Amino acid sequence: MHKFSLFVLLTIQIQLLSAQESNFTRQDSLRGTITPERAWWDLTYYHLDIAVNPDKKTISGKNTIYYKVLKEHTVMQIDLQPPLKIEKVVQNNTPLQVKSEGNAHFITLSSTQKENSIQAIEVYYSGTPREAVRAPWDGGISWKKDQNGNHFVASSCQGLGASVWWPNKDHMYDEVDSLLISVNVPKDLMNISNGRLRKVENHANKTKTYHWFVNNPINNYGVNINIGDYVHFGEQYQGEKGTLDMNYYVLRDNLEKAKKQFKDAPKTMKAFEHWFGPYPFYEDSYKLVEVPYLGMEHQSSVTYGNKYANGYLGNDLSGSGWGLKFDFIIVHESGHEWFANNITNRDIADMWIHESFTAYSESLFVDYYYGKKAASEYVIGTRKIILNDKPIIGAYNVNDEGSGDMYYKGANMLHTLRQLVEDDTKWRSILRGLNTKFYHQTVTTKQIEDYLSTITGIDLKQFFDQYLRDTRIPILEYTFEKDTLKFRYTNIVEKFDMPIRIFVDGTPLWIRPNASWQRKELKGNKITIDPNFYIDSTVLQ
């Protein structure tokens with residue numbers, strides 16, 4: 001594919017991922033707000049028990065939802081998207097009244113919800129879930145077939161929400177503590193989901209049920225089903241927390257290709273444990289699962305559809321050459337195990353926490369294996385994809401993602417911050433510290449900003465305002481007056497004064513521009529701006 005076409009393709013895909021209506025509706029609020037009907041109870045456990053019929057493209061079954069009562073209340077909000085329908089809701093063998101409003105379903109509880117007690121409801125549902133036309137960006141179920149005519153089915157639902165295929169508390173702020181997912185499929189197929197396989201049950205009706213258990217907290221969109229004619233191979237990785245089981249499930253005809261291509265998986269684990277700390281889900285293992293779409297960061301069940309080629313579908317997003325040294329999907333989606341699955345945004349408006357750090361992780365992979373210069377070339381090369389169309393942070397409480405620039409503008413923001421820290425050992429400790437401080441937590445942008453400001457010792461308020469909340473890129477204007485460099489920033493938020501490194505006849509020198517003209521005497525008149533800082537520059541005559 002021509003490079004320009006590749007960048008256009010990626011831009012379209014990212015914008016599809018982040019596109020939202022500007023006029024928000026009540027449904028947006030019901031989806032994106034911690035409503036009173038959500039706030040009073042805390043998720044503890046799901047048992048999702050379903051049958052998938054690929055011939056009819058249907059799902060049926062129930063989700064048993066266990067929760068802790070934080071304060072007494074009588075109405076609970078559960079989310080499920082049409083055309084799927086809730087058939088009934090039961091608590092303590094008693095059918096409950098359900099009032100539906102679009103995707104939100106309000107359940108009136110008949111028993112007393114005593115504070116601090118653990119309760120459970122059973123939500124029965126069935127139907128034909130929304131089909132993903134262009135997964136993973138539009139979300140839903142992909143009902144495909146492999147080249148041998150076998151069913152090849154997978155879920156993907158980030159942004160749209162897990163309620164597109166199963167009933168749940170569909171808001172990022174409350175992760176379930178653990179999960180059992182039981183999936184019944186035709187006997188000649190396998191289902192691969194999150195966590196570890198507990199057992200497989202054979203049934204007289206020519207079906208099998210696969211029971212997968214997730215031991216760690218998991219976000220709703222991270223839960224997945226993957227159904228196909230899979231074969232398995234695996235290995236054990238000796239990591240920072242001991243032995244990590246790494247399992248790979250691929251279509252039968254792709255086994256030999258996978259054995260070669262998936263060598264990037266332990267390489268990725270080694271690099272990211274170095275930069276980010278221990279893989280966060282040793283108890284649940286690590287899996288790569290082939291799917292009929294590009295890929296997704298489902299927790300401990302990373303999905304893969306990159307055609308067994310290096311780069312992004314065989315292309316280098318950075319144009320630097322370094323992007324062809326690794327399989328983009330293995331590296332990027334595995335990076336999300338730390339940023340998205342370990343550290344998860346409370347509101348999807350803060351999805352940069354997932355995507356900026358993970359897009360940046362690609363260059364850290366390059367750094368680990370090919371050096372700092374190569375990593376810089378990679379991340380700087382991705383700037384050509386940045387649109388600066390709207391702020392990276394979206395609108396809160398309405399399930400609104402910000403700009404697709406959360407990927408590579410965010411990555412270049414973090415790369416710039418690394419320059420400000422000016423100590424790679426400290427920078428590594430900061431990244432590892434994030435995954436320790438916010439281990440298995442949902443977080444806000446403020447928490448991440450405050451942590452980085454505190455640990456770096458740098459007031460980063462204007463820095464984040466500039467790159468996360470504004471579309472402008474700082475411009476350094478400069479000129480020479482005899483032996484004096486005259487310089488200032490334009491195109492900036494108020495009080496932005498980020499220091500940058502320049503080279504004067506090849507010698508590094510730090511300057512701290514702001515909105516006002518400043519002067520600095522120089523011995524030499526040939527300067528270059530360090531390209532590792534994400535700014536533009538203009539020489540005034």
# chains A, B, ... in the order shown; residues from 1 in each chain; ligands from 1

call {"tool": "residues_around", "arguments": {"residues": "stretch 363-375 of chain A", "least_positions_apart": "4", "cutoff": "7 Å", "atoms": "only C-alpha atoms", "output": "MDAnalysis selection string"}}
result
chainID A and resid 268 271 322 379

call {"tool": "residues_around", "arguments": {"residues": "stretch 220-226 of chain A", "least_positions_apart": "3", "cutoff": "6 Å", "atoms": "only C-alpha atoms", "output": "ChimeraX atom specification"}}
result
/A:153-155,157-158,162,191-193,298-299

call {"tool": "closest_residue", "arguments": {"among": "A:Arg469, A:Lys260, A:His105, A:His151", "to": "A:Lys56", "atoms": "only C-alpha atoms"}}
result
A:His151

call {"tool": "select_by_dssp", "arguments": {"residues": "stretch 256-482 of chain A", "states": "strand (DSSP E)", "output": "list in words"}}
result
Tyr286, Lys287, Leu288, Val289, Glu290, Gly295, Met296, Val302, Thr303, Tyr304, Ile343, Thr344, Asn345, Gln441, Thr442, Val443, Ile475, Leu476, Glu477, Tyr478, Thr479, Phe480 and Glu481 of chain A

call {"tool": "write_last_selection", "arguments": {"atoms": "N, CA and C atoms", "output": "mmCIF file, in the first residue's frame"}}
result
data_model
loop_
_atom_site.group_PDB
_atom_site.id
_atom_site.type_symbol
_atom_site.label_atom_id
_atom_site.label_comp_id
_atom_site.auth_asym_id
_atom_site.auth_seq_id
_atom_site.Cartn_x
_atom_site.Cartn_y
_atom_site.Cartn_z
ATOM 1 N N TYR A 286 -1.572 -15.097 29.924
ATOM 2 C CA TYR A 286 -1.584 -14.190 28.768
ATOM 3 C C TYR A 286 -1.943 -15.027 27.548
ATOM 4 N N LYS A 287 -2.846 -14.496 26.720
ATOM 5 C CA LYS A 287 -3.215 -15.201 25.495
ATOM 6 C C LYS A 287 -3.186 -14.260 24.302
ATOM 7 N N LEU A 288 -2.826 -14.815 23.149
ATOM 8 C CA LEU A 288 -3.072 -14.191 21.852
ATOM 9 C C LEU A 288 -4.070 -15.077 21.132
ATOM 10 N N VAL A 289 -5.135 -14.476 20.622
ATOM 11 C CA VAL A 289 -6.209 -15.238 19.992
ATOM 12 C C VAL A 289 -6.485 -14.650 18.612
ATOM 13 N N GLU A 290 -6.413 -15.471 17.593
ATOM 14 C CA GLU A 290 -6.687 -14.985 16.245
ATOM 15 C C GLU A 290 -8.174 -14.680 16.092
ATOM 16 N N GLY A 295 -7.661 -6.466 15.646
ATOM 17 C CA GLY A 295 -7.169 -6.798 16.980
ATOM 18 C C GLY A 295 -7.742 -5.886 18.037
ATOM 19 N N MET A 296 -7.580 -6.300 19.321
ATOM 20 C CA MET A 296 -8.142 -5.540 20.438
ATOM 21 C C MET A 296 -7.470 -5.998 21.724
ATOM 22 N N VAL A 302 -5.765 -11.134 24.449
ATOM 23 C CA VAL A 302 -5.487 -10.153 23.399
ATOM 24 C C VAL A 302 -5.816 -10.763 22.036
ATOM 25 N N THR A 303 -6.595 -10.039 21.236
ATOM 26 C CA THR A 303 -7.003 -10.586 19.951
ATOM 27 C C THR A 303 -6.122 -10.065 18.822
ATOM 28 N N TYR A 304 -5.956 -10.916 17.803
ATOM 29 C CA TYR A 304 -4.943 -10.677 16.770
ATOM 30 C C TYR A 304 -5.512 -10.950 15.379
ATOM 31 N N ILE A 343 -4.397 -0.038 34.413
ATOM 32 C CA ILE A 343 -4.851 1.328 34.689
ATOM 33 C C ILE A 343 -5.956 1.642 33.683
ATOM 34 N N THR A 344 -7.160 1.891 34.173
ATOM 35 C CA THR A 344 -8.331 2.063 33.307
ATOM 36 C C THR A 344 -8.973 3.416 33.560
ATOM 37 N N ASN A 345 -9.390 4.094 32.475
ATOM 38 C CA ASN A 345 -10.056 5.389 32.669
ATOM 39 C C ASN A 345 -11.436 5.205 33.301
ATOM 40 N N GLN A 441 -6.748 -0.235 39.033
ATOM 41 C CA GLN A 441 -7.661 0.847 39.415
ATOM 42 C C GLN A 441 -8.239 1.534 38.185
ATOM 43 N N THR A 442 -9.409 2.164 38.389
ATOM 44 C CA THR A 442 -9.928 3.109 37.413
ATOM 45 C C THR A 442 -9.528 4.507 37.877
ATOM 46 N N VAL A 443 -9.111 5.350 36.928
ATOM 47 C CA VAL A 443 -8.512 6.632 37.292
ATOM 48 C C VAL A 443 -9.064 7.761 36.420
ATOM 49 N N ILE A 475 4.454 27.127 18.784
ATOM 50 C CA ILE A 475 5.397 27.562 17.751
ATOM 51 C C ILE A 475 6.486 28.392 18.412
ATOM 52 N N LEU A 476 7.717 27.985 18.236
ATOM 53 C CA LEU A 476 8.854 28.784 18.713
ATOM 54 C C LEU A 476 9.261 29.737 17.602
ATOM 55 N N GLU A 477 9.055 31.030 17.831
ATOM 56 C CA GLU A 477 9.531 32.046 16.901
ATOM 57 C C GLU A 477 10.878 32.548 17.384
ATOM 58 N N TYR A 478 11.839 32.668 16.476
ATOM 59 C CA TYR A 478 13.144 33.157 16.913
ATOM 60 C C TYR A 478 13.847 33.886 15.764
ATOM 61 N N THR A 479 14.762 34.724 16.148
ATOM 62 C CA THR A 479 15.582 35.461 15.198
ATOM 63 C C THR A 479 16.888 35.840 15.876
ATOM 64 N N PHE A 480 17.843 36.299 15.100
ATOM 65 C CA PHE A 480 19.137 36.729 15.658
ATOM 66 C C PHE A 480 19.282 38.235 15.533
ATOM 67 N N GLU A 481 19.787 38.843 16.587
ATOM 68 C CA GLU A 481 20.193 40.243 16.569
ATOM 69 C C GLU A 481 21.635 40.286 17.032
#

call {"tool": "closest_residue", "arguments": {"among": "A:Lys446, A:Lys88, A:Lys437, A:Arg196", "to": "A:Leu460", "atoms": "only C-alpha atoms"}}
result
A:Lys446

call {"tool": "residues_around", "arguments": {"residues": "A:Ile227", "least_positions_apart": "3", "cutoff": "12 Å", "atoms": "only C-alpha atoms", "output": "PyMOL selection string"}}
result
chain A and resi 51-54+141-146+150-155+183-193+208-210+224+230-231+249-251+289-292+303

call {"tool": "write_last_selection", "arguments": {"atoms": "N, CA and C atoms", "output": "short mmCIF file (atom, residue, chain, number, x, y, z; two decimals), in the first residue's frame"}}
result
data_model
loop_
_atom_site.label_atom_id
_atom_site.label_comp_id
_atom_site.auth_asym_id
_atom_site.auth_seq_id
_atom_site.Cartn_x
_atom_site.Cartn_y
_atom_site.Cartn_z
N ALA A 51 -25.30 -19.24 25.46
CA ALA A 51 -25.16 -20.13 24.31
C ALA A 51 -25.09 -19.26 23.06
N VAL A 52 -24.11 -19.55 22.20
CA VAL A 52 -23.94 -18.82 20.95
C VAL A 52 -24.27 -19.76 19.79
N ASN A 53 -25.21 -19.34 18.96
CA ASN A 53 -25.61 -20.13 17.80
C ASN A 53 -25.12 -19.42 16.54
N PRO A 54 -23.98 -19.81 16.01
CA PRO A 54 -23.44 -19.10 14.84
C PRO A 54 -24.32 -19.24 13.60
N ILE A 141 -20.71 -8.02 17.18
CA ILE A 141 -20.24 -9.38 16.96
C ILE A 141 -19.87 -9.54 15.49
N SER A 142 -18.70 -10.10 15.24
CA SER A 142 -18.29 -10.45 13.87
C SER A 142 -18.67 -11.90 13.61
N TRP A 143 -19.59 -12.10 12.70
CA TRP A 143 -20.02 -13.45 12.31
C TRP A 143 -19.36 -13.77 10.98
N LYS A 144 -18.20 -14.39 10.99
CA LYS A 144 -17.45 -14.68 9.78
C LYS A 144 -17.25 -16.18 9.64
N LYS A 145 -16.60 -16.57 8.54
CA LYS A 145 -16.19 -17.96 8.35
C LYS A 145 -14.74 -17.99 7.90
N ASP A 146 -14.01 -19.04 8.29
CA ASP A 146 -12.64 -19.17 7.86
C ASP A 146 -12.59 -19.75 6.45
N ASN A 150 -15.62 -22.92 8.20
CA ASN A 150 -15.99 -23.03 9.61
C ASN A 150 -16.38 -21.66 10.16
N HIS A 151 -17.30 -21.64 11.11
CA HIS A 151 -17.67 -20.39 11.75
C HIS A 151 -16.46 -19.77 12.45
N PHE A 152 -16.38 -18.45 12.35
CA PHE A 152 -15.27 -17.69 12.94
C PHE A 152 -15.90 -16.43 13.52
N VAL A 153 -16.12 -16.44 14.84
CA VAL A 153 -16.96 -15.45 15.51
C VAL A 153 -16.16 -14.74 16.60
N ALA A 154 -16.35 -13.43 16.74
CA ALA A 154 -15.64 -12.69 17.79
C ALA A 154 -16.40 -11.45 18.18
N SER A 155 -16.23 -11.03 19.43
CA SER A 155 -16.83 -9.79 19.94
C SER A 155 -15.78 -8.69 19.97
N VAL A 183 -19.49 -20.38 27.94
CA VAL A 183 -19.97 -20.16 26.57
C VAL A 183 -20.21 -21.50 25.90
N ASN A 184 -21.45 -21.72 25.50
CA ASN A 184 -21.85 -22.95 24.82
C ASN A 184 -21.78 -22.73 23.31
N VAL A 185 -21.07 -23.62 22.60
CA VAL A 185 -20.87 -23.50 21.16
C VAL A 185 -21.01 -24.87 20.51
N PRO A 186 -21.16 -24.93 19.18
CA PRO A 186 -21.18 -26.23 18.50
C PRO A 186 -19.92 -27.03 18.81
N LYS A 187 -20.07 -28.36 18.86
CA LYS A 187 -19.00 -29.22 19.38
C LYS A 187 -17.71 -29.17 18.56
N ASP A 188 -17.79 -28.82 17.27
CA ASP A 188 -16.60 -28.79 16.43
C ASP A 188 -15.86 -27.45 16.51
N LEU A 189 -16.31 -26.56 17.38
CA LEU A 189 -15.68 -25.25 17.55
C LEU A 189 -15.19 -25.09 18.98
N MET A 190 -14.28 -24.13 19.19
CA MET A 190 -13.80 -23.78 20.51
C MET A 190 -14.20 -22.35 20.82
N ASN A 191 -14.42 -22.06 22.10
CA ASN A 191 -14.55 -20.67 22.54
C ASN A 191 -13.37 -20.33 23.42
N ILE A 192 -12.72 -19.20 23.11
CA ILE A 192 -11.61 -18.70 23.92
C ILE A 192 -12.03 -17.36 24.51
N SER A 193 -11.98 -17.27 25.83
CA SER A 193 -12.33 -16.02 26.51
C SER A 193 -11.21 -15.64 27.46
N LYS A 208 -20.62 -27.93 23.15
CA LYS A 208 -19.68 -27.92 24.27
C LYS A 208 -19.81 -26.59 24.98
N THR A 209 -19.54 -26.61 26.29
CA THR A 209 -19.50 -25.36 27.05
C THR A 209 -18.11 -25.17 27.62
N TYR A 210 -17.53 -24.02 27.31
CA TYR A 210 -16.20 -23.66 27.81
C TYR A 210 -16.37 -22.70 28.98
N ASN A 224 -14.42 -10.92 26.42
CA ASN A 224 -14.66 -11.26 25.03
C ASN A 224 -14.98 -12.73 24.82
N TYR A 230 -10.03 -23.53 16.32
CA TYR A 230 -8.72 -23.15 16.84
C TYR A 230 -7.83 -24.36 17.14
N VAL A 231 -6.53 -24.13 17.01
CA VAL A 231 -5.53 -25.03 17.58
C VAL A 231 -4.70 -24.20 18.56
N TYR A 249 -3.91 -19.18 20.46
CA TYR A 249 -5.00 -19.88 19.79
C TYR A 249 -5.15 -19.29 18.39
N VAL A 250 -4.95 -20.13 17.38
CA VAL A 250 -4.98 -19.65 16.00
C VAL A 250 -5.78 -20.63 15.15
N LEU A 251 -6.24 -20.14 14.00
CA LEU A 251 -6.92 -21.04 13.08
C LEU A 251 -5.99 -22.16 12.64
N VAL A 289 -5.13 -14.48 20.62
CA VAL A 289 -6.21 -15.24 19.99
C VAL A 289 -6.49 -14.65 18.61
N GLU A 290 -6.41 -15.47 17.59
CA GLU A 290 -6.69 -14.98 16.25
C GLU A 290 -8.17 -14.68 16.09
N VAL A 291 -8.46 -13.55 15.42
CA VAL A 291 -9.84 -13.12 15.19
C VAL A 291 -9.99 -12.60 13.76
N PRO A 292 -11.24 -12.44 13.29
CA PRO A 292 -11.46 -11.99 11.92
C PRO A 292 -11.44 -10.46 11.75
N THR A 303 -6.59 -10.04 21.24
CA THR A 303 -7.00 -10.59 19.95
C THR A 303 -6.12 -10.07 18.82
#

call {"tool": "residues_around", "arguments": {"residues": "A:Met351", "least_positions_apart": "5", "cutoff": "9 Å", "atoms": "only C-alpha atoms", "output": "ChimeraX atom specification"}}
result
/A:340,344-346,356,392-394,401-402,406

call {"tool": "write_last_selection", "arguments": {"atoms": "all heavy atoms", "output": "compact mmCIF listing (two decimals), in the first residue's frame"}}
result
# COMPACT_ATOMS: atom_id res chain seq x y z
N ALA A 340 -4.92 0.47 30.13
CA ALA A 340 -6.29 0.19 29.70
C ALA A 340 -6.85 -0.90 30.58
O ALA A 340 -7.97 -0.79 31.07
CB ALA A 340 -6.42 -0.22 28.23
N THR A 344 -7.16 1.89 34.17
CA THR A 344 -8.33 2.06 33.31
C THR A 344 -8.97 3.42 33.56
O THR A 344 -9.11 3.84 34.71
CB THR A 344 -9.36 0.95 33.59
OG1 THR A 344 -8.73 -0.33 33.51
CG2 THR A 344 -10.51 1.01 32.60
N ASN A 345 -9.39 4.09 32.47
CA ASN A 345 -10.06 5.39 32.67
C ASN A 345 -11.44 5.21 33.30
O ASN A 345 -12.17 4.26 32.98
CB ASN A 345 -10.17 6.16 31.36
CG ASN A 345 -10.83 5.40 30.21
OD1 ASN A 345 -10.24 5.24 29.16
ND2 ASN A 345 -12.07 4.94 30.39
N ARG A 346 -11.78 6.10 34.20
CA ARG A 346 -13.12 6.06 34.84
C ARG A 346 -14.19 6.54 33.87
O ARG A 346 -15.34 6.13 33.95
CB ARG A 346 -13.14 6.94 36.09
CG ARG A 346 -12.39 6.35 37.26
CD ARG A 346 -12.39 7.32 38.45
NE ARG A 346 -13.73 7.61 38.93
CZ ARG A 346 -14.37 6.89 39.85
NH1 ARG A 346 -13.80 5.82 40.38
NH2 ARG A 346 -15.58 7.24 40.25
N SER A 356 -2.68 7.00 24.59
CA SER A 356 -1.42 7.75 24.48
C SER A 356 -0.25 6.93 25.01
O SER A 356 0.80 6.83 24.36
CB SER A 356 -1.53 9.07 25.24
OG SER A 356 -2.52 9.91 24.68
N ILE A 392 -7.87 16.21 22.76
CA ILE A 392 -7.71 14.78 23.04
C ILE A 392 -8.73 14.32 24.08
O ILE A 392 -9.21 13.19 24.01
CB ILE A 392 -6.26 14.50 23.51
CG1 ILE A 392 -5.31 14.57 22.30
CG2 ILE A 392 -6.16 13.16 24.19
CD1 ILE A 392 -3.85 14.39 22.66
N ILE A 393 -9.04 15.17 25.05
CA ILE A 393 -10.03 14.82 26.08
C ILE A 393 -11.42 15.15 25.57
O ILE A 393 -11.66 16.24 25.04
CB ILE A 393 -9.74 15.56 27.40
CG1 ILE A 393 -8.40 15.07 27.99
CG2 ILE A 393 -10.86 15.36 28.40
CD1 ILE A 393 -8.01 15.78 29.26
N GLY A 394 -12.35 14.20 25.73
CA GLY A 394 -13.72 14.40 25.28
C GLY A 394 -14.59 15.05 26.34
O GLY A 394 -14.10 15.58 27.35
N GLU A 401 -15.64 10.04 23.47
CA GLU A 401 -14.19 9.99 23.31
C GLU A 401 -13.70 11.28 22.70
O GLU A 401 -14.40 11.94 21.94
CB GLU A 401 -13.83 8.82 22.37
CG GLU A 401 -14.26 7.46 22.87
CD GLU A 401 -14.23 6.41 21.77
OE1 GLU A 401 -13.76 6.73 20.67
OE2 GLU A 401 -14.68 5.29 22.03
N GLY A 402 -12.47 11.64 23.02
CA GLY A 402 -11.85 12.79 22.40
C GLY A 402 -11.31 12.46 21.02
O GLY A 402 -11.67 11.45 20.41
N MET A 406 -5.43 11.12 20.35
CA MET A 406 -5.01 10.53 21.62
C MET A 406 -3.93 9.48 21.40
O MET A 406 -3.16 9.18 22.32
CB MET A 406 -6.22 9.91 22.34
CG MET A 406 -6.78 8.67 21.68
SD MET A 406 -8.16 7.96 22.60
CE MET A 406 -9.50 9.05 22.16
